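**Student:** Below: one structure in structure tokens.
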Amino acid sequence: MPGQEDTFLKAMNDGHSAAWDQEWEKAIAAYRRALQTSPDHPKALNSLGLALFQVGNIEEALQIYINVAKISKDDPVPMEKVAQLSERTGDLRTATEAAMRAGDLFFQQRDTEKALENWVRVTNLNPEHIQAHSRLAQVHEKLNHQQQAVREYLAVASLLQRAGNAEKSQEMVEKAQTILPNSSEVKQAQTLLKTGQLLPKPIRGKGGTGPIRMSQVKQLQEPETKIGSGLDPIAEARQKALTQLAELLFELTDDNSPSAQERRGMSSLMRGTGGLSLEQNDQVKVIMYLSQAIDAQTKGNEAQAAEEMEHAIDAGFSHPSLYFNLGHLRFKGERYESAQRFLQNTIKHSDYALASQLLLGQISAKKTQYAEAALHYLEALKTADAAIVPLEKADDLRLSYEPIIEAQQSQKDEAAQKKVCDNIHNLLMRSDWREQLHKTREQMPKSEGGMLSPLADVILQAQSSSVLESINRINQLARLGSLRSAMDEAYDAIQHAPTYLPIHSLMGDLLVQEGHTADAIAKFSVVAHAYGVRGEVGQATKLLRRIIQLSPMDMPTRNRLIEQLIARGQIDDAIREYLELAAIYYRLADLDMARKTYTTALRVIQQGSANREWNVHILNRMADIDLQRLDWKQALRVYEQIRTLAPEDTATRKQLIDLYLRMAQTDKALGELENYLTYLESQRKAEQIIPFLEELVQEHDDQPLLKRTLAAQLHQAGRTEEAVEILDALADALVQRADHENAADIINQIVLMNPANVEQYRQALNQMRNG
């Protein structure tokens, strides 16, 4: 129906527009609307799969591509996506089968390069896949890739020999000899066959380790997820840490992954800017250590796994998942001091804070340091309690734990301290800990005004009411405008609870209301530092943001805020602060500091879990600075990296061509132009070619080759009259400059287009050649 078709097209256009702007959530919503109208439309499904992948929803993206592959059985692209995503999730069997099928489909479409790529993927996942090796051998032979063909024929020979087919194995070796008679590998294989020895087994190709380790992790997790309804906090964190390590290893070893390509491109741009990026040599070591660690841990050899992880840290690798995993292993091995040292690196990270505090509490309890253990357990309860309440109430709930922790610090009764540890341990160290916390909270009396009471009140019956009453009186006085009286009340409260930080924050608010902004900033800064030392990164972050609101140009505070955000794992928020900091430097005309800040942000993106879409945004800012400084060579390098990350970015392509022309590198400009036109044709976006060329010609009217390229495209599109008009004017201009040789080339191009008045141009061409 026309109405439904219009709805579908509008939704698809909305999705494409959002995807172009890299607003992937909007794109997902639009593509889902399109699929409501046409549920089995392959293009809509493919687009949705890509958008889901971009936001990290790999499981749903995989299911989408599986459905597309069933609908479009002859299309190799969705099958290739199924292989790539299955490999990413550790489902190697599906990945192998899909990659094999994708290779066959690409070959049927005569896309030999993609076929080879997929068959190589199969042999990386399963080095003993004889069908894939056979396909590779035959195609490499046809393409005259002699060395590769010989290697694959020998692989087939080895597998046939081990399958008991000696005659066929000998035939494959002879086949390899006909291709490269003097190959040392072939001669060695012939010698082994003659002496009755086994040929070497095919080995796994580069980049094949990451998927294998991911598969091992998946197998390790499966038995656990079947026991009960869930996992205790430490087991959850352990599972997450091991999965993250496998994903990191996957990215490090997969040369074709987007992140690997980004790392290779970024390394040259960030060289000499700091120590966050691994050198190539160290990266090889890290890959080896992580691979061996995951392999050992999945096989139950935890002592060896811990040693390998320590080697990875010594090689320069740093990630919260590694520190937690290592801390947990050292705890299980009763190496408590070592475990404490590693866990201190993870207590601020949202993924591992709860489990780390529980482990540190257990360690202190085992060392009979019950006072310290009780504090760790209370911090763990605070984190767990905040995790099960609505997000908008979590910060206030955390604050309500402050007087309880304050009171616990003055507790001297060892039996009471031990009871705190035991009660919280029994409440949290269970597979249904979330359900248990919810049940406990439901049984608590309701507070007035919708405020949530901390679960610690039930466990400790803490006497913190006097401090809370003081805060209520301070707020009441402030609302009445009695700021001096409110401040006096705050000073009185501090006498009873000097380390209760919410009162200090409240004093800062009073100072702001009194107009003492500098004093308020000093107070907030001290309180933020105290929260940071305690590991309360969320509260420290809130106060640092408050300081920046009061004093936007406070650079040290903004840098502290960025450090806190990174420590908390909020990498995207940290990147936003970096961008704001760089923008401030830019407004101050300090271009060097602005660019340095952007470079630092790039390094953080490469190390952390930030959205990779930041890369293009930041690189564009860096390139803009380079252009302003007239550093065209550096701008070229940056734009080339953007082109690698976003080949569809028209503005970047124009900038590259423009820069090459400015630097009188016409050949490179034309090469870049041809590359982009080829890309547009491969993406079925040929309709964008002529408008793109018209803009280029308008901006570079003195470049004959651009005009000739535009004319050729116009002719190809059936607009021959327009093409001839452009070339005719160009030829006239060249004749006026006495450039008869190039003018003749232009007229010859017109003749080849065979316009209606072609004879006139033939005569003009003959006159030029004879004159």
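In the structure tokens, each chain is lettered A, B, ... as it comes, each chain's residues begin at 1, and ligands are numbered from 1 in order of appearance.
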May I have the residues within 12 Å of A:Ala646 as a PyMOL selection string, using only C-alpha atoms and disregarding those fewer than 2 positions away in the same chain?
**Tutor:** chain A and resi 19-22+258+261-262+612-617+619-620+639-644+648-653+676+679
**Student:** Based on the selection just made, write N, CA and C atoms of those residues as a PDB file, in the first residue's frame.
**Tutor:**
```
ATOM      1  N   ALA A  19      21.990   7.646  11.634  1.00  0.00           N
ATOM      2  CA  ALA A  19      23.234   6.877  11.542  1.00  0.00           C
ATOM      3  C   ALA A  19      24.358   7.733  10.976  1.00  0.00           C
ATOM      4  N   TRP A  20      24.012   8.575  10.001  1.00  0.00           N
ATOM      5  CA  TRP A  20      25.016   9.479   9.420  1.00  0.00           C
ATOM      6  C   TRP A  20      25.589  10.400  10.498  1.00  0.00           C
ATOM      7  N   ASP A  21      24.705  10.861  11.410  1.00  0.00           N
ATOM      8  CA  ASP A  21      25.139  11.722  12.518  1.00  0.00           C
ATOM      9  C   ASP A  21      25.671  10.917  13.699  1.00  0.00           C
ATOM     10  N   GLN A  22      25.719   9.584  13.523  1.00  0.00           N
ATOM     11  CA  GLN A  22      26.212   8.671  14.561  1.00  0.00           C
ATOM     12  C   GLN A  22      25.378   8.758  15.835  1.00  0.00           C
ATOM     13  N   PRO A 258      37.849  -2.923  14.250  1.00  0.00           N
ATOM     14  CA  PRO A 258      37.922  -1.456  14.176  1.00  0.00           C
ATOM     15  C   PRO A 258      38.860  -0.868  15.198  1.00  0.00           C
ATOM     16  N   GLN A 261      42.458  -1.238  14.090  1.00  0.00           N
ATOM     17  CA  GLN A 261      42.804  -0.279  13.040  1.00  0.00           C
ATOM     18  C   GLN A 261      42.962   1.118  13.625  1.00  0.00           C
ATOM     19  N   GLU A 262      42.103   1.452  14.598  1.00  0.00           N
ATOM     20  CA  GLU A 262      42.216   2.760  15.242  1.00  0.00           C
ATOM     21  C   GLU A 262      43.549   2.873  15.961  1.00  0.00           C
ATOM     22  N   ARG A 612      33.565   4.744  20.708  1.00  0.00           N
ATOM     23  CA  ARG A 612      34.593   4.991  19.691  1.00  0.00           C
ATOM     24  C   ARG A 612      34.225   6.136  18.741  1.00  0.00           C
ATOM     25  N   GLU A 613      32.972   6.548  18.767  1.00  0.00           N
ATOM     26  CA  GLU A 613      32.559   7.640  17.886  1.00  0.00           C
ATOM     27  C   GLU A 613      33.235   8.958  18.276  1.00  0.00           C
ATOM     28  N   TRP A 614      33.747   9.016  19.534  1.00  0.00           N
ATOM     29  CA  TRP A 614      34.466  10.221  19.940  1.00  0.00           C
ATOM     30  C   TRP A 614      35.678  10.467  19.051  1.00  0.00           C
ATOM     31  N   ASN A 615      36.292   9.404  18.540  1.00  0.00           N
ATOM     32  CA  ASN A 615      37.542   9.546  17.783  1.00  0.00           C
ATOM     33  C   ASN A 615      37.416  10.548  16.641  1.00  0.00           C
ATOM     34  N   VAL A 616      36.387  10.365  15.822  1.00  0.00           N
ATOM     35  CA  VAL A 616      36.217  11.232  14.648  1.00  0.00           C
ATOM     36  C   VAL A 616      35.976  12.670  15.093  1.00  0.00           C
ATOM     37  N   HIS A 617      35.143  12.829  16.124  1.00  0.00           N
ATOM     38  CA  HIS A 617      34.829  14.169  16.623  1.00  0.00           C
ATOM     39  C   HIS A 617      36.102  14.888  17.076  1.00  0.00           C
ATOM     40  N   LEU A 619      39.324  14.102  16.408  1.00  0.00           N
ATOM     41  CA  LEU A 619      40.289  14.269  15.322  1.00  0.00           C
ATOM     42  C   LEU A 619      39.932  15.461  14.437  1.00  0.00           C
ATOM     43  N   ASN A 620      38.652  15.684  14.217  1.00  0.00           N
ATOM     44  CA  ASN A 620      38.241  16.862  13.439  1.00  0.00           C
ATOM     45  C   ASN A 620      38.661  18.154  14.135  1.00  0.00           C
ATOM     46  N   TYR A 639      43.520  14.024   8.933  1.00  0.00           N
ATOM     47  CA  TYR A 639      42.388  13.750   8.039  1.00  0.00           C
ATOM     48  C   TYR A 639      42.477  12.342   7.431  1.00  0.00           C
ATOM     49  N   GLU A 640      43.678  11.867   7.181  1.00  0.00           N
ATOM     50  CA  GLU A 640      43.824  10.505   6.666  1.00  0.00           C
ATOM     51  C   GLU A 640      43.323   9.493   7.689  1.00  0.00           C
ATOM     52  N   GLN A 641      43.580   9.780   8.986  1.00  0.00           N
ATOM     53  CA  GLN A 641      43.082   8.881  10.025  1.00  0.00           C
ATOM     54  C   GLN A 641      41.558   8.936  10.112  1.00  0.00           C
ATOM     55  N   ILE A 642      40.994  10.140   9.974  1.00  0.00           N
ATOM     56  CA  ILE A 642      39.529  10.267   9.991  1.00  0.00           C
ATOM     57  C   ILE A 642      38.935   9.490   8.827  1.00  0.00           C
ATOM     58  N   ARG A 643      39.582   9.595   7.661  1.00  0.00           N
ATOM     59  CA  ARG A 643      39.087   8.861   6.489  1.00  0.00           C
ATOM     60  C   ARG A 643      39.075   7.346   6.745  1.00  0.00           C
ATOM     61  N   THR A 644      40.084   6.855   7.463  1.00  0.00           N
ATOM     62  CA  THR A 644      40.125   5.428   7.784  1.00  0.00           C
ATOM     63  C   THR A 644      38.970   5.043   8.699  1.00  0.00           C
ATOM     64  N   GLU A 648      32.973   7.299   4.853  1.00  0.00           N
ATOM     65  CA  GLU A 648      31.817   7.925   4.211  1.00  0.00           C
ATOM     66  C   GLU A 648      31.764   9.438   4.431  1.00  0.00           C
ATOM     67  N   ASP A 649      32.685   9.988   5.229  1.00  0.00           N
ATOM     68  CA  ASP A 649      32.652  11.405   5.600  1.00  0.00           C
ATOM     69  C   ASP A 649      33.071  12.275   4.407  1.00  0.00           C
ATOM     70  N   THR A 650      32.086  12.901   3.783  1.00  0.00           N
ATOM     71  CA  THR A 650      32.343  13.711   2.587  1.00  0.00           C
ATOM     72  C   THR A 650      33.239  14.901   2.893  1.00  0.00           C
ATOM     73  N   ALA A 651      32.997  15.569   4.019  1.00  0.00           N
ATOM     74  CA  ALA A 651      33.780  16.764   4.364  1.00  0.00           C
ATOM     75  C   ALA A 651      35.258  16.427   4.502  1.00  0.00           C
ATOM     76  N   THR A 652      35.548  15.271   5.097  1.00  0.00           N
ATOM     77  CA  THR A 652      36.942  14.858   5.260  1.00  0.00           C
ATOM     78  C   THR A 652      37.595  14.605   3.907  1.00  0.00           C
ATOM     79  N   ARG A 653      36.877  13.952   3.022  1.00  0.00           N
ATOM     80  CA  ARG A 653      37.429  13.689   1.682  1.00  0.00           C
ATOM     81  C   ARG A 653      37.740  15.000   0.964  1.00  0.00           C
ATOM     82  N   TYR A 676      37.638   7.846  -3.370  1.00  0.00           N
ATOM     83  CA  TYR A 676      36.316   8.156  -2.813  1.00  0.00           C
ATOM     84  C   TYR A 676      35.207   7.810  -3.797  1.00  0.00           C
ATOM     85  N   TYR A 679      34.668   4.239  -3.628  1.00  0.00           N
ATOM     86  CA  TYR A 679      33.945   3.897  -2.393  1.00  0.00           C
ATOM     87  C   TYR A 679      32.450   4.150  -2.552  1.00  0.00           C
TER      88      TYR A 679
END
```
**Student:** Would you return as a PyMOL selection string the members of stretch 691-765 of chain A that DSSP assigns to helix (DSSP H, G or I) on this structure's backbone?
**Tutor:** chain A and resi 691-699+704-716+720-736+740-753+758-765
**Student:** May I have the selected residues written with C-alpha atoms, as a PDB file, in the first residue's frame?
**Tutor:**
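This went into result_31.pdb:
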```
ATOM      1  CA  PRO A 691      27.213  16.858  -6.593  1.00  0.00           C
ATOM      2  CA  PHE A 692      30.512  16.149  -4.844  1.00  0.00           C
ATOM      3  CA  LEU A 693      32.518  16.861  -8.009  1.00  0.00           C
ATOM      4  CA  GLU A 694      30.499  19.994  -8.765  1.00  0.00           C
ATOM      5  CA  GLU A 695      31.381  21.421  -5.344  1.00  0.00           C
ATOM      6  CA  LEU A 696      35.048  20.598  -5.894  1.00  0.00           C
ATOM      7  CA  VAL A 697      35.079  22.271  -9.305  1.00  0.00           C
ATOM      8  CA  GLN A 698      33.369  25.338  -7.894  1.00  0.00           C
ATOM      9  CA  GLU A 699      36.026  25.637  -5.176  1.00  0.00           C
ATOM     10  CA  PRO A 704      41.406  21.072 -15.278  1.00  0.00           C
ATOM     11  CA  LEU A 705      41.582  17.466 -14.108  1.00  0.00           C
ATOM     12  CA  LEU A 706      38.667  18.002 -11.713  1.00  0.00           C
ATOM     13  CA  LYS A 707      36.590  19.396 -14.567  1.00  0.00           C
ATOM     14  CA  ARG A 708      37.516  16.469 -16.784  1.00  0.00           C
ATOM     15  CA  THR A 709      36.512  14.019 -14.046  1.00  0.00           C
ATOM     16  CA  LEU A 710      33.180  15.800 -13.592  1.00  0.00           C
ATOM     17  CA  ALA A 711      32.581  15.753 -17.343  1.00  0.00           C
ATOM     18  CA  ALA A 712      33.318  12.019 -17.495  1.00  0.00           C
ATOM     19  CA  GLN A 713      30.791  11.354 -14.723  1.00  0.00           C
ATOM     20  CA  LEU A 714      28.160  13.545 -16.390  1.00  0.00           C
ATOM     21  CA  HIS A 715      28.615  11.661 -19.636  1.00  0.00           C
ATOM     22  CA  GLN A 716      28.356   8.347 -17.811  1.00  0.00           C
ATOM     23  CA  THR A 720      26.489  14.437 -22.337  1.00  0.00           C
ATOM     24  CA  GLU A 721      25.514  17.990 -23.328  1.00  0.00           C
ATOM     25  CA  GLU A 722      26.532  19.336 -19.910  1.00  0.00           C
ATOM     26  CA  ALA A 723      29.771  17.357 -20.059  1.00  0.00           C
ATOM     27  CA  VAL A 724      30.619  18.742 -23.498  1.00  0.00           C
ATOM     28  CA  GLU A 725      29.834  22.289 -22.358  1.00  0.00           C
ATOM     29  CA  ILE A 726      32.329  21.989 -19.467  1.00  0.00           C
ATOM     30  CA  LEU A 727      35.037  20.479 -21.658  1.00  0.00           C
ATOM     31  CA  ASP A 728      34.468  22.977 -24.483  1.00  0.00           C
ATOM     32  CA  ALA A 729      34.954  25.913 -22.088  1.00  0.00           C
ATOM     33  CA  LEU A 730      38.037  24.253 -20.642  1.00  0.00           C
ATOM     34  CA  ALA A 731      39.535  23.675 -24.097  1.00  0.00           C
ATOM     35  CA  ASP A 732      38.943  27.325 -25.060  1.00  0.00           C
ATOM     36  CA  ALA A 733      40.717  28.489 -21.896  1.00  0.00           C
ATOM     37  CA  LEU A 734      43.712  26.266 -22.664  1.00  0.00           C
ATOM     38  CA  VAL A 735      43.898  27.509 -26.251  1.00  0.00           C
ATOM     39  CA  GLN A 736      43.929  31.096 -25.024  1.00  0.00           C
ATOM     40  CA  HIS A 740      47.506  23.357 -27.434  1.00  0.00           C
ATOM     41  CA  GLU A 741      48.641  19.913 -26.317  1.00  0.00           C
ATOM     42  CA  ASN A 742      46.287  19.722 -23.321  1.00  0.00           C
ATOM     43  CA  ALA A 743      43.530  21.427 -25.332  1.00  0.00           C
ATOM     44  CA  ALA A 744      43.825  18.633 -27.909  1.00  0.00           C
ATOM     45  CA  ASP A 745      43.435  16.044 -25.131  1.00  0.00           C
ATOM     46  CA  ILE A 746      40.261  17.779 -23.973  1.00  0.00           C
ATOM     47  CA  ILE A 747      38.795  17.872 -27.490  1.00  0.00           C
ATOM     48  CA  ASN A 748      39.686  14.224 -27.937  1.00  0.00           C
ATOM     49  CA  GLN A 749      37.723  13.458 -24.740  1.00  0.00           C
ATOM     50  CA  ILE A 750      34.733  15.285 -26.288  1.00  0.00           C
ATOM     51  CA  VAL A 751      35.055  13.252 -29.501  1.00  0.00           C
ATOM     52  CA  LEU A 752      35.000  10.021 -27.493  1.00  0.00           C
ATOM     53  CA  MET A 753      31.682  11.123 -25.969  1.00  0.00           C
ATOM     54  CA  VAL A 758      31.078  15.420 -33.051  1.00  0.00           C
ATOM     55  CA  GLU A 759      32.352  16.206 -36.606  1.00  0.00           C
ATOM     56  CA  GLN A 760      33.061  19.813 -35.664  1.00  0.00           C
ATOM     57  CA  TYR A 761      35.231  18.639 -32.795  1.00  0.00           C
ATOM     58  CA  ARG A 762      37.010  16.122 -35.034  1.00  0.00           C
ATOM     59  CA  GLN A 763      37.889  18.929 -37.443  1.00  0.00           C
ATOM     60  CA  ALA A 764      39.135  21.123 -34.574  1.00  0.00           C
ATOM     61  CA  LEU A 765      41.215  18.228 -33.278  1.00  0.00           C
TER      62      LEU A 765
END
```
**Student:** Check the smallest atom-to-atom distance from each of A:Lys393, A:Arg121, A:Arg479, A:Arg434 to A:Leu452 using only C-alpha atoms, then report the winner.
**Tutor:** A:Lys393
**Student:** Using atom CA of A:Asn144 and atom CA of A:Gln108 as the two end points, give the distance in Å to one decimal.
**Tutor:**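 Going from atom CA of A:Asn144 over to atom CA of A:Gln108 covers 19.3 Å.
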**Student:** Of the candidates A:Met507, A:Ala98, A:Ile313, A:Ala380, which one gets nearest to A:Leu290 if we count only C-alpha atoms?
**Tutor:**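 Closest to A:Leu290, using only C-alpha atoms: A:Ile313.
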**Student:** Please provide the set of residues having any atom within 9 Å of A:Leu116, restricted to only C-alpha atoms, with same-chain residues fewer than 2 positions apart removed, written as a ChimeraX atom specification.
**Tutor:** /A:103,106-107,111-114,118-121,135-136,139-140
**Student:** Counting only C-alpha atoms, figure out which residue out of A:Leu245, A:Leu154, A:Ala296, A:Ala583 gets nearest to A:Lys201.
**Tutor:** A:Leu154
**Student:** Could you jot down the atom CA of A:Ala415 to atom CA of A:Gln362 separation for me, Å, one decimal place?
**Tutor:**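 Taking atom CA of A:Ala415 and atom CA of A:Gln362, their separation equals 15.9 Å.
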**Student:** Could you jot down the atom CA of A:Ala582 to atom CA of A:Asp624 separation for me, Å, one decimal place?
**Tutor:**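 For atom CA of A:Ala582 relative to atom CA of A:Asp624, the distance reads 12.7 Å.
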**Student:** Contacts of A:Ser356 at 10 Å or less, counting only C-alpha atoms, minus same-chain residues fewer than 2 places along, as a PyMOL selection string?
**Tutor:** chain A and resi 233-234+237+324+327-328+339-340+342-349+351-354+358-362+376+379-380
**Student:** Between A:Ser169, A:Ser453, A:Ser134, A:Asn182, which residue has the minimum interatomic distance to A:Leu198, considering only C-alpha atoms?
**Tutor:**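 Result for the nearest residue to A:Leu198: A:Ser169.
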**Student:** For a quick check of understanding, using only C-alpha atoms, which of A:Gly671, A:Gly718, A:Gly49, A:Pro552 has the smallest distance to A:Val77?
**Tutor:**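 Residue with the minimum atom-to-atom distance to A:Val77: A:Gly49.
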**Student:** Counting only C-alpha atoms, which residues in stretch 20-46 of chain A sit no more than 10 Å from stretch 54-59 of chain A? For each one, give the nearest pair of atoms and the distance in Å, sorted by chain then residue number, as a Markdown table.
**Tutor:**
```
| residue | atom | partner | partner_atom | distance |
| --- | --- | --- | --- | --- |
| A:Gln22 | CA | A:Gln54 | CA | 9.0 |
| A:Glu23 | CA | A:Val55 | CA | 9.7 |
| A:Trp24 | CA | A:Val55 | CA | 6.7 |
| A:Glu25 | CA | A:Val55 | CA | 7.6 |
| A:Ile28 | CA | A:Val55 | CA | 9.5 |
```
**Student:** Write out as number ranges by chain which residues come within 8 Å of stretch 567-569 of chain A when counting only C-alpha atoms, dropping same-chain ones fewer than 2 positions away.
**Tutor:** A: 348-350, 537-538, 563-565, 571, 608-609
**Student:** May I have the residues from that selection written out with N, CA and C atoms, as an mmCIF file, in the first residue's frame?
**Tutor:**
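For reference, result_25.cif as written:
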```cif
data_model
loop_
_atom_site.group_PDB
_atom_site.id
_atom_site.type_symbol
_atom_site.label_atom_id
_atom_site.label_comp_id
_atom_site.auth_asym_id
_atom_site.auth_seq_id
_atom_site.Cartn_x
_atom_site.Cartn_y
_atom_site.Cartn_z
ATOM 1 N N LYS A 348 37.252 1.943 43.339
ATOM 2 C CA LYS A 348 36.544 3.116 42.820
ATOM 3 C C LYS A 348 35.788 2.821 41.530
ATOM 4 N N HIS A 349 36.009 1.641 40.953
ATOM 5 C CA HIS A 349 35.391 1.332 39.663
ATOM 6 C C HIS A 349 34.008 0.730 39.885
ATOM 7 N N SER A 350 33.013 1.261 39.164
ATOM 8 C CA SER A 350 31.624 0.853 39.406
ATOM 9 C C SER A 350 31.399 -0.643 39.204
ATOM 10 N N VAL A 537 33.954 8.229 44.926
ATOM 11 C CA VAL A 537 34.199 8.984 43.704
ATOM 12 C C VAL A 537 32.952 9.724 43.242
ATOM 13 N N GLY A 538 31.781 9.133 43.457
ATOM 14 C CA GLY A 538 30.553 9.785 43.025
ATOM 15 C C GLY A 538 30.331 11.109 43.728
ATOM 16 N N GLU A 563 40.092 13.019 36.327
ATOM 17 C CA GLU A 563 40.733 11.872 36.985
ATOM 18 C C GLU A 563 39.717 11.034 37.754
ATOM 19 N N GLN A 564 38.796 11.707 38.448
ATOM 20 C CA GLN A 564 37.788 10.981 39.214
ATOM 21 C C GLN A 564 36.852 10.207 38.292
ATOM 22 N N LEU A 565 36.465 10.813 37.196
ATOM 23 C CA LEU A 565 35.562 10.144 36.252
ATOM 24 C C LEU A 565 36.218 8.909 35.644
ATOM 25 N N ILE A 571 34.105 6.868 31.357
ATOM 26 C CA ILE A 571 35.042 7.374 30.358
ATOM 27 C C ILE A 571 34.374 8.397 29.433
ATOM 28 N N GLY A 608 40.320 3.065 27.443
ATOM 29 C CA GLY A 608 39.101 2.804 28.195
ATOM 30 C C GLY A 608 37.994 2.213 27.348
ATOM 31 N N SER A 609 36.791 2.287 27.918
ATOM 32 C CA SER A 609 35.620 1.702 27.254
ATOM 33 C C SER A 609 34.714 2.781 26.686
#
```
**Student:** Find the residues near A:Gly196: any atom within 12 Å, counting only C-alpha atoms, skip ones fewer than 4 places away on the same chain, and give them as a PyMOL selection string.
**Tutor:** chain A and resi 161-162+166+170+189-192
**Student:** Can you write just those residues out, C-alpha atoms, as a PDB file, in the first residue's frame?
**Tutor:**
```pdb
ATOM      1  CA  GLN A 161      47.718 -37.921   5.895  1.00  0.00           C
ATOM      2  CA  ARG A 162      46.370 -37.799   9.451  1.00  0.00           C
ATOM      3  CA  ALA A 166      48.341 -41.365   2.239  1.00  0.00           C
ATOM      4  CA  GLN A 170      51.200 -37.533  -1.694  1.00  0.00           C
ATOM      5  CA  ALA A 189      57.342 -32.519   3.083  1.00  0.00           C
ATOM      6  CA  GLN A 190      58.561 -34.997   0.453  1.00  0.00           C
ATOM      7  CA  THR A 191      61.334 -36.174   2.766  1.00  0.00           C
ATOM      8  CA  LEU A 192      58.893 -36.690   5.644  1.00  0.00           C
TER       9      LEU A 192
END
```
**Student:** When you look at A:Arg560 with a cut-off of 12 Å (counting only C-alpha atoms), what residues show up, excluding the ones that are within fewer than 2 positions of it in the same chain? I need them as a list of chain:residue names.
**Tutor:**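 Everything that qualifies: A:Ser525, A:Ala528, A:His529, A:Gly532, A:Val537, A:Ala540, A:Thr541, A:Lys542, A:Leu543, A:Leu544, A:Arg545, A:Ile547, A:Ile548, A:Asp554, A:Met555, A:Pro556, A:Thr557, A:Arg558, A:Ile562, A:Glu563, A:Gln564, A:Leu565, A:Ile566, A:Ala567, A:Ala574, A:Glu577, A:Tyr578, A:Leu581.
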